[in-house]
Amino acid sequence: MAHIDMQDLTDILQQAGREIIIPAFAQAVQSETKLDGSVLTATDLACQAFITERLQQLDASIAMLGEEMSESEQLSLLGESSERLWCLDPLDGTTNFATYLPCFAISLALIEQGSPSIACIHDPIRQETFTAIRNQGAFLNGKPVQSSDVSTLPESVGFIDFKRLPAAVASHIAANPFYRSQRNIGTCALEWAWLAVGRGQFIIHGKEKIWDFAAGSLIAAEAGCIVSDFTPEDLFPTTRLSSPILAACNNALHASLIQQLTQARLEK
């Protein structure tokens, strides 16, 4: 594992939130729509440039995989499985940010040999910083956290992104609500972080990009969550840019969700 000081990472993300994101959020936000339909603002680019420069100062040998890079560059970096690389989403929840909805975050992970080893998610609105180091637990503002102990679906609150689910799966879940309630807050990073601290019990998402789940999946796993794709196989190690996501606060709930997804596919 690289010798990276977690305090250095939290300082960088907190400074980016304080000096770049929050001042821009108070002003009129100019945005454009990318080819994949997602939103891009000058703040995304400024935040990525700032964080990239600061990380280079920590260790110039670690490559950067950022959301605001070309797909060919991203795939090339992921293909170098022996390389260490940063995986950054400088502003996760850009649509929220651009429409003055105060729900967004910065997400950063260090990937080593195809898997995240260090993770940090910073919420500049609530001043909450979620962190994890592989096999060392998960933390919120430096205090240890543990996922929810809810073990049955009727008691659970889930983060579900219906838009990116296969139509048959989305229809089955919508017509047969097996949960107490569902949410989609428009930022994958905070859904992962909130899952880790018990503000929800599961995540179902049809297609998250690696910068959406690299940091959050480690934080959630270190808090006790079970994390997989729909197969269900582990998300890492990987050279995939995107993956379906199935995460739950414990084994019992994860197994129940697998049954629901299996049933949805059989009924299509």
# chains A, B, ... in the order shown; residues from 1 in each chain; ligands from 1
>>> closest_atom_pairs(of="stretch 173-200 of chain A", to="stretch 104-114 of chain A", cutoff="8 Å", atoms="only C-alpha atoms", output="Markdown table")
| residue | atom | partner | partner_atom | distance |
| --- | --- | --- | --- | --- |
| A:Gly186 | CA | A:Phe104 | CA | 7.8 |
| A:Thr187 | CA | A:Phe104 | CA | 5.9 |
| A:Ala189 | CA | A:Ser107 | CA | 6.3 |
| A:Leu190 | CA | A:Ala105 | CA | 6.7 |
>>> write_last_selection(atoms="all heavy atoms", output="mmCIF file, in the first residue's frame")
data_model
loop_
_atom_site.group_PDB
_atom_site.id
_atom_site.type_symbol
_atom_site.label_atom_id
_atom_site.label_comp_id
_atom_site.auth_asym_id
_atom_site.auth_seq_id
_atom_site.Cartn_x
_atom_site.Cartn_y
_atom_site.Cartn_z
ATOM 1 N N GLY A 186 -29.417 11.723 -6.222
ATOM 2 C CA GLY A 186 -28.698 12.384 -7.293
ATOM 3 C C GLY A 186 -27.197 12.464 -7.121
ATOM 4 O O GLY A 186 -26.522 13.150 -7.886
ATOM 5 N N THR A 187 -26.665 11.752 -6.140
ATOM 6 C CA THR A 187 -25.225 11.668 -5.963
ATOM 7 C C THR A 187 -24.871 10.287 -5.443
ATOM 8 O O THR A 187 -25.212 9.938 -4.302
ATOM 9 C CB THR A 187 -24.664 12.750 -5.020
ATOM 10 O OG1 THR A 187 -23.408 12.320 -4.464
ATOM 11 C CG2 THR A 187 -25.618 13.067 -3.886
ATOM 12 N N ALA A 189 -21.991 9.096 -4.654
ATOM 13 C CA ALA A 189 -21.011 9.139 -3.568
ATOM 14 C C ALA A 189 -21.687 9.261 -2.211
ATOM 15 O O ALA A 189 -21.337 8.541 -1.260
ATOM 16 C CB ALA A 189 -20.038 10.300 -3.783
ATOM 17 N N LEU A 190 -22.663 10.151 -2.102
ATOM 18 C CA LEU A 190 -23.331 10.318 -0.806
ATOM 19 C C LEU A 190 -24.254 9.152 -0.496
ATOM 20 O O LEU A 190 -24.436 8.810 0.680
ATOM 21 C CB LEU A 190 -24.106 11.635 -0.754
ATOM 22 C CG LEU A 190 -23.247 12.888 -0.619
ATOM 23 C CD1 LEU A 190 -24.131 14.119 -0.402
ATOM 24 C CD2 LEU A 190 -22.238 12.760 0.520
#
>>> closest_atom_pairs(of="stretch 81-199 of chain A", to="stretch 222-246 of chain A", cutoff="10 Å", atoms="only C-alpha atoms", output="JSON lines")
{"residue": "A:Ser81", "atom": "CA", "partner": "A:Thr239", "partner_atom": "CA", "distance": 7.7}
{"residue": "A:Ile111", "atom": "CA", "partner": "A:Pro237", "partner_atom": "CA", "distance": 9.2}
{"residue": "A:Glu112", "atom": "CA", "partner": "A:Pro237", "partner_atom": "CA", "distance": 9.1}
{"residue": "A:Gln113", "atom": "CA", "partner": "A:Pro237", "partner_atom": "CA", "distance": 7.3}
{"residue": "A:Gly114", "atom": "CA", "partner": "A:Pro237", "partner_atom": "CA", "distance": 4.4}
{"residue": "A:Ser115", "atom": "CA", "partner": "A:Pro237", "partner_atom": "CA", "distance": 4.8}
{"residue": "A:Pro116", "atom": "CA", "partner": "A:Phe236", "partner_atom": "CA", "distance": 7.9}
{"residue": "A:Thr131", "atom": "CA", "partner": "A:Glu222", "partner_atom": "CA", "distance": 9.5}
{"residue": "A:Ala132", "atom": "CA", "partner": "A:Glu222", "partner_atom": "CA", "distance": 6.7}
{"residue": "A:Ile133", "atom": "CA", "partner": "A:Glu222", "partner_atom": "CA", "distance": 7.9}
{"residue": "A:Arg134", "atom": "CA", "partner": "A:Glu222", "partner_atom": "CA", "distance": 7.0}
{"residue": "A:Asn135", "atom": "CA", "partner": "A:Glu222", "partner_atom": "CA", "distance": 6.8}
{"residue": "A:Gln136", "atom": "CA", "partner": "A:Glu222", "partner_atom": "CA", "distance": 7.2}
{"residue": "A:Gly137", "atom": "CA", "partner": "A:Glu222", "partner_atom": "CA", "distance": 4.7}
{"residue": "A:Ala138", "atom": "CA", "partner": "A:Glu222", "partner_atom": "CA", "distance": 5.2}
{"residue": "A:Phe139", "atom": "CA", "partner": "A:Ala223", "partner_atom": "CA", "distance": 8.1}
{"residue": "A:Pro144", "atom": "CA", "partner": "A:Ala223", "partner_atom": "CA", "distance": 8.4}
{"residue": "A:Val145", "atom": "CA", "partner": "A:Ala223", "partner_atom": "CA", "distance": 6.1}
{"residue": "A:Gln146", "atom": "CA", "partner": "A:Ala223", "partner_atom": "CA", "distance": 4.6}
{"residue": "A:Ser147", "atom": "CA", "partner": "A:Ala223", "partner_atom": "CA", "distance": 5.4}
{"residue": "A:Ser148", "atom": "CA", "partner": "A:Cys225", "partner_atom": "CA", "distance": 8.6}
{"residue": "A:Asp149", "atom": "CA", "partner": "A:Gly224", "partner_atom": "CA", "distance": 9.6}
{"residue": "A:Ile160", "atom": "CA", "partner": "A:Leu246", "partner_atom": "CA", "distance": 9.8}
{"residue": "A:Arg164", "atom": "CA", "partner": "A:Pro244", "partner_atom": "CA", "distance": 9.0}
{"residue": "A:Leu165", "atom": "CA", "partner": "A:Pro244", "partner_atom": "CA", "distance": 8.4}
{"residue": "A:Trp192", "atom": "CA", "partner": "A:Cys225", "partner_atom": "CA", "distance": 9.9}
{"residue": "A:Ala193", "atom": "CA", "partner": "A:Ala223", "partner_atom": "CA", "distance": 9.6}
{"residue": "A:Leu195", "atom": "CA", "partner": "A:Cys225", "partner_atom": "CA", "distance": 8.1}
{"residue": "A:Ala196", "atom": "CA", "partner": "A:Ala223", "partner_atom": "CA", "distance": 5.4}
{"residue": "A:Val197", "atom": "CA", "partner": "A:Ala223", "partner_atom": "CA", "distance": 7.4}
{"residue": "A:Gly198", "atom": "CA", "partner": "A:Ala223", "partner_atom": "CA", "distance": 9.3}
>>> write_last_selection(atoms="N, CA and C atoms", output="JSON list (two decimals), in the first residue's frame")
[["chain", "number", "residue", "atom", "x", "y", "z"],
["A", 81, "SER", "N", -3.01, -2.77, -14.71],
["A", 81, "SER", "CA", -3.45, -3.29, -13.41],
["A", 81, "SER", "C", -2.38, -3.20, -12.33],
["A", 111, "ILE", "N", -6.53, 3.45, -6.11],
["A", 111, "ILE", "CA", -6.67, 2.08, -6.59],
["A", 111, "ILE", "C", -5.27, 1.48, -6.75],
["A", 112, "GLU", "N", -5.08, 0.32, -6.13],
["A", 112, "GLU", "CA", -3.80, -0.39, -6.22],
["A", 112, "GLU", "C", -4.08, -1.83, -6.63],
["A", 113, "GLN", "N", -3.41, -2.26, -7.71],
["A", 113, "GLN", "CA", -3.59, -3.62, -8.24],
["A", 113, "GLN", "C", -5.07, -3.91, -8.50],
["A", 114, "GLY", "N", -5.77, -2.92, -9.02],
["A", 114, "GLY", "CA", -7.15, -3.11, -9.45],
["A", 114, "GLY", "C", -8.21, -2.93, -8.40],
["A", 115, "SER", "N", -7.84, -2.61, -7.15],
["A", 115, "SER", "CA", -8.83, -2.47, -6.08],
["A", 115, "SER", "C", -8.55, -1.22, -5.24],
["A", 116, "PRO", "N", -9.59, -0.58, -4.71],
["A", 116, "PRO", "CA", -9.38, 0.60, -3.88],
["A", 116, "PRO", "C", -8.75, 0.23, -2.53],
["A", 131, "THR", "N", -14.24, 8.42, 5.40],
["A", 131, "THR", "CA", -12.95, 7.87, 4.99],
["A", 131, "THR", "C", -12.86, 6.38, 5.29],
["A", 132, "ALA", "N", -11.95, 5.71, 4.60],
["A", 132, "ALA", "CA", -11.68, 4.30, 4.88],
["A", 132, "ALA", "C", -10.31, 3.94, 4.32],
["A", 133, "ILE", "N", -9.63, 3.06, 5.01],
["A", 133, "ILE", "CA", -8.42, 2.41, 4.53],
["A", 133, "ILE", "C", -8.69, 0.91, 4.59],
["A", 134, "ARG", "N", -8.33, 0.20, 3.54],
["A", 134, "ARG", "CA", -8.63, -1.23, 3.46],
["A", 134, "ARG", "C", -8.21, -1.97, 4.74],
["A", 135, "ASN", "N", -9.15, -2.72, 5.29],
["A", 135, "ASN", "CA", -8.94, -3.54, 6.49],
["A", 135, "ASN", "C", -8.71, -2.73, 7.77],
["A", 136, "GLN", "N", -9.06, -1.43, 7.73],
["A", 136, "GLN", "CA", -8.88, -0.60, 8.93],
["A", 136, "GLN", "C", -10.16, 0.11, 9.35],
["A", 137, "GLY", "N", -11.30, -0.22, 8.74],
["A", 137, "GLY", "CA", -12.56, 0.35, 9.16],
["A", 137, "GLY", "C", -12.93, 1.62, 8.41],
["A", 138, "ALA", "N", -14.14, 2.11, 8.68],
["A", 138, "ALA", "CA", -14.67, 3.31, 8.05],
["A", 138, "ALA", "C", -14.93, 4.37, 9.12],
["A", 139, "PHE", "N", -14.85, 5.64, 8.69],
["A", 139, "PHE", "CA", -14.93, 6.74, 9.64],
["A", 139, "PHE", "C", -15.72, 7.92, 9.07],
["A", 144, "PRO", "N", -15.25, 6.19, 14.16],
["A", 144, "PRO", "CA", -15.64, 4.93, 13.52],
["A", 144, "PRO", "C", -17.15, 4.85, 13.29],
["A", 145, "VAL", "N", -17.52, 4.24, 12.16],
["A", 145, "VAL", "CA", -18.94, 4.06, 11.84],
["A", 145, "VAL", "C", -19.22, 2.60, 11.50],
["A", 146, "GLN", "N", -20.48, 2.24, 11.62],
["A", 146, "GLN", "CA", -20.92, 0.88, 11.32],
["A", 146, "GLN", "C", -22.24, 0.96, 10.57],
["A", 147, "SER", "N", -22.44, 0.07, 9.61],
["A", 147, "SER", "CA", -23.68, 0.07, 8.84],
["A", 147, "SER", "C", -24.86, -0.35, 9.69],
["A", 148, "SER", "N", -26.06, -0.17, 9.16],
["A", 148, "SER", "CA", -27.31, -0.49, 9.85],
["A", 148, "SER", "C", -27.42, -1.99, 10.14],
["A", 149, "ASP", "N", -28.15, -2.32, 11.18],
["A", 149, "ASP", "CA", -28.39, -3.73, 11.51],
["A", 149, "ASP", "C", -29.77, -4.21, 11.06],
["A", 160, "ILE", "N", -32.44, 3.65, -4.79],
["A", 160, "ILE", "CA", -32.71, 2.95, -6.04],
["A", 160, "ILE", "C", -32.71, 3.95, -7.19],
["A", 164, "ARG", "N", -31.59, 3.86, -14.60],
["A", 164, "ARG", "CA", -30.52, 3.08, -15.23],
["A", 164, "ARG", "C", -30.70, 1.58, -15.07],
["A", 165, "LEU", "N", -31.82, 1.14, -14.53],
["A", 165, "LEU", "CA", -32.08, -0.29, -14.40],
["A", 165, "LEU", "C", -32.67, -0.84, -15.70],
["A", 192, "TRP", "N", -23.53, 6.04, -1.16],
["A", 192, "TRP", "CA", -22.59, 5.08, -0.57],
["A", 192, "TRP", "C", -22.22, 5.49, 0.86],
["A", 193, "ALA", "N", -21.88, 6.75, 1.05],
["A", 193, "ALA", "CA", -21.46, 7.22, 2.37],
["A", 193, "ALA", "C", -22.60, 7.08, 3.38],
["A", 195, "LEU", "N", -25.13, 5.00, 3.19],
["A", 195, "LEU", "CA", -25.32, 3.57, 3.45],
["A", 195, "LEU", "C", -24.35, 3.11, 4.55],
["A", 196, "ALA", "N", -23.12, 3.56, 4.46],
["A", 196, "ALA", "CA", -22.09, 3.14, 5.42],
["A", 196, "ALA", "C", -22.42, 3.55, 6.85],
["A", 197, "VAL", "N", -23.09, 4.68, 7.01],
["A", 197, "VAL", "CA", -23.38, 5.17, 8.38],
["A", 197, "VAL", "C", -24.81, 4.88, 8.82],
["A", 198, "GLY", "N", -25.55, 4.09, 8.02],
["A", 198, "GLY", "CA", -26.87, 3.64, 8.45],
["A", 198, "GLY", "C", -28.02, 4.57, 8.11]]
>>> residues_around(residues="stretch 257-265 of chain A", least_positions_apart="2", cutoff="12 Å", atoms="only C-alpha atoms", output="ChimeraX atom specification")
/A:151-154,156,158,160,165-179,201-206,226-233,244-255,267-268
>>> closest_residue(among="A:Trp86, A:Tyr100, A:Phe213, A:Phe159", to="A:Gln74", atoms="only C-alpha atoms")
A:Trp86
>>> residues_around(residues="A:Leu13", least_positions_apart="3", cutoff="12 Å", atoms="only C-alpha atoms", output="compact mmCIF listing (two decimals) with C-alpha atoms, in the first residue's frame")
# COMPACT_ATOMS: atom_id res chain seq x y z
CA MET A 6 -5.27 10.26 5.16
CA GLN A 7 -5.14 13.67 6.80
CA ASP A 8 -3.46 15.05 3.67
CA LEU A 9 -6.31 13.71 1.54
CA THR A 10 -9.05 15.08 3.78
CA ALA A 16 -11.49 22.17 -2.59
CA GLY A 17 -14.98 22.15 -1.12
CA ARG A 18 -14.43 25.30 0.92
CA GLU A 19 -12.58 27.40 -1.65
CA ILE A 20 -13.94 26.18 -4.99
CA ILE A 21 -17.31 24.44 -4.67
CA CYS A 47 -12.00 21.20 -8.70
CA GLN A 48 -10.40 18.39 -10.71
CA PHE A 50 -6.91 21.73 -8.06
CA ILE A 51 -7.10 18.23 -6.55
CA THR A 52 -4.92 16.73 -9.30
CA ARG A 54 -2.26 18.78 -4.93
CA LEU A 55 -2.12 14.99 -5.29
CA LEU A 88 -11.59 11.07 -8.74
CA ASP A 89 -15.05 12.51 -9.14
CA PRO A 90 -14.46 16.20 -8.42
CA LEU A 91 -18.14 17.03 -8.09
CA ALA A 105 -19.77 15.59 -2.86
CA ILE A 106 -16.15 15.06 -3.85
CA SER A 107 -15.14 11.41 -4.16
CA LEU A 108 -11.55 10.12 -4.24
CA ALA A 109 -10.05 6.64 -4.08
CA ALA A 119 -11.12 6.26 0.09
CA CYS A 120 -12.36 9.72 0.97
CA ILE A 121 -15.75 11.34 0.29
CA HIS A 122 -16.32 14.94 1.36
CA ASP A 123 -19.70 16.65 1.63
CA PRO A 124 -18.93 20.39 1.65
CA GLN A 127 -19.00 19.39 6.47
CA GLU A 128 -18.95 15.60 6.62
CA THR A 129 -15.89 13.65 5.51
CA PHE A 130 -16.18 9.87 5.14
CA THR A 131 -12.95 7.87 4.99
>>> select_by_dssp(residues="stretch 145-239 of chain A", states="helix (DSSP H, G or I)", output="MDAnalysis selection string")
chainID A and resid 153:155 162:164 167:175 188:196 210:222
>>> write_last_selection(atoms="C-alpha atoms", output="mmCIF file, in the first residue's frame")
data_model
loop_
_atom_site.group_PDB
_atom_site.id
_atom_site.type_symbol
_atom_site.label_atom_id
_atom_site.label_comp_id
_atom_site.auth_asym_id
_atom_site.auth_seq_id
_atom_site.Cartn_x
_atom_site.Cartn_y
_atom_site.Cartn_z
ATOM 1 C CA LEU A 153 -36.525 -5.715 3.396
ATOM 2 C CA PRO A 154 -39.895 -4.427 4.723
ATOM 3 C CA GLU A 155 -37.953 -2.446 7.325
ATOM 4 C CA PHE A 162 -34.796 3.360 -11.590
ATOM 5 C CA LYS A 163 -33.549 5.315 -14.630
ATOM 6 C CA ARG A 164 -30.523 3.084 -15.229
ATOM 7 C CA ALA A 167 -36.815 -2.031 -17.879
ATOM 8 C CA ALA A 168 -38.044 -5.408 -16.582
ATOM 9 C CA VAL A 169 -36.177 -5.001 -13.296
ATOM 10 C CA ALA A 170 -37.359 -1.422 -12.819
ATOM 11 C CA SER A 171 -40.971 -2.408 -13.529
ATOM 12 C CA HIS A 172 -40.834 -5.345 -11.127
ATOM 13 C CA ILE A 173 -39.415 -3.254 -8.297
ATOM 14 C CA ALA A 174 -41.869 -0.404 -8.891
ATOM 15 C CA ALA A 175 -44.875 -2.763 -9.048
ATOM 16 C CA CYS A 188 -23.856 8.134 -5.883
ATOM 17 C CA ALA A 189 -21.011 9.139 -3.568
ATOM 18 C CA LEU A 190 -23.331 10.318 -0.806
ATOM 19 C CA GLU A 191 -25.614 7.303 -1.221
ATOM 20 C CA TRP A 192 -22.590 5.083 -0.567
ATOM 21 C CA ALA A 193 -21.463 7.218 2.371
ATOM 22 C CA TRP A 194 -24.931 7.337 3.881
ATOM 23 C CA LEU A 195 -25.319 3.571 3.448
ATOM 24 C CA ALA A 196 -22.088 3.142 5.417
ATOM 25 C CA ILE A 210 -15.941 3.565 -11.492
ATOM 26 C CA TRP A 211 -15.510 7.085 -10.071
ATOM 27 C CA ASP A 212 -19.036 6.760 -8.655
ATOM 28 C CA PHE A 213 -18.299 3.594 -6.702
ATOM 29 C CA ALA A 214 -14.529 3.280 -6.149
ATOM 30 C CA ALA A 215 -14.390 5.313 -2.940
ATOM 31 C CA GLY A 216 -17.917 4.634 -1.718
ATOM 32 C CA SER A 217 -17.749 0.866 -2.094
ATOM 33 C CA LEU A 218 -14.632 0.690 0.090
ATOM 34 C CA ILE A 219 -16.145 2.930 2.762
ATOM 35 C CA ALA A 220 -19.346 0.878 2.766
ATOM 36 C CA ALA A 221 -17.496 -2.451 2.863
ATOM 37 C CA GLU A 222 -15.285 -1.278 5.720
#
>>> select_by_dssp(residues="stretch 50-185 of chain A", states="strand (DSSP E or B)", output="MDAnalysis selection string")
chainID A and resid 63:66 84:92 105:112 115:123 128:133 138:140 143:144 157:161 181:183
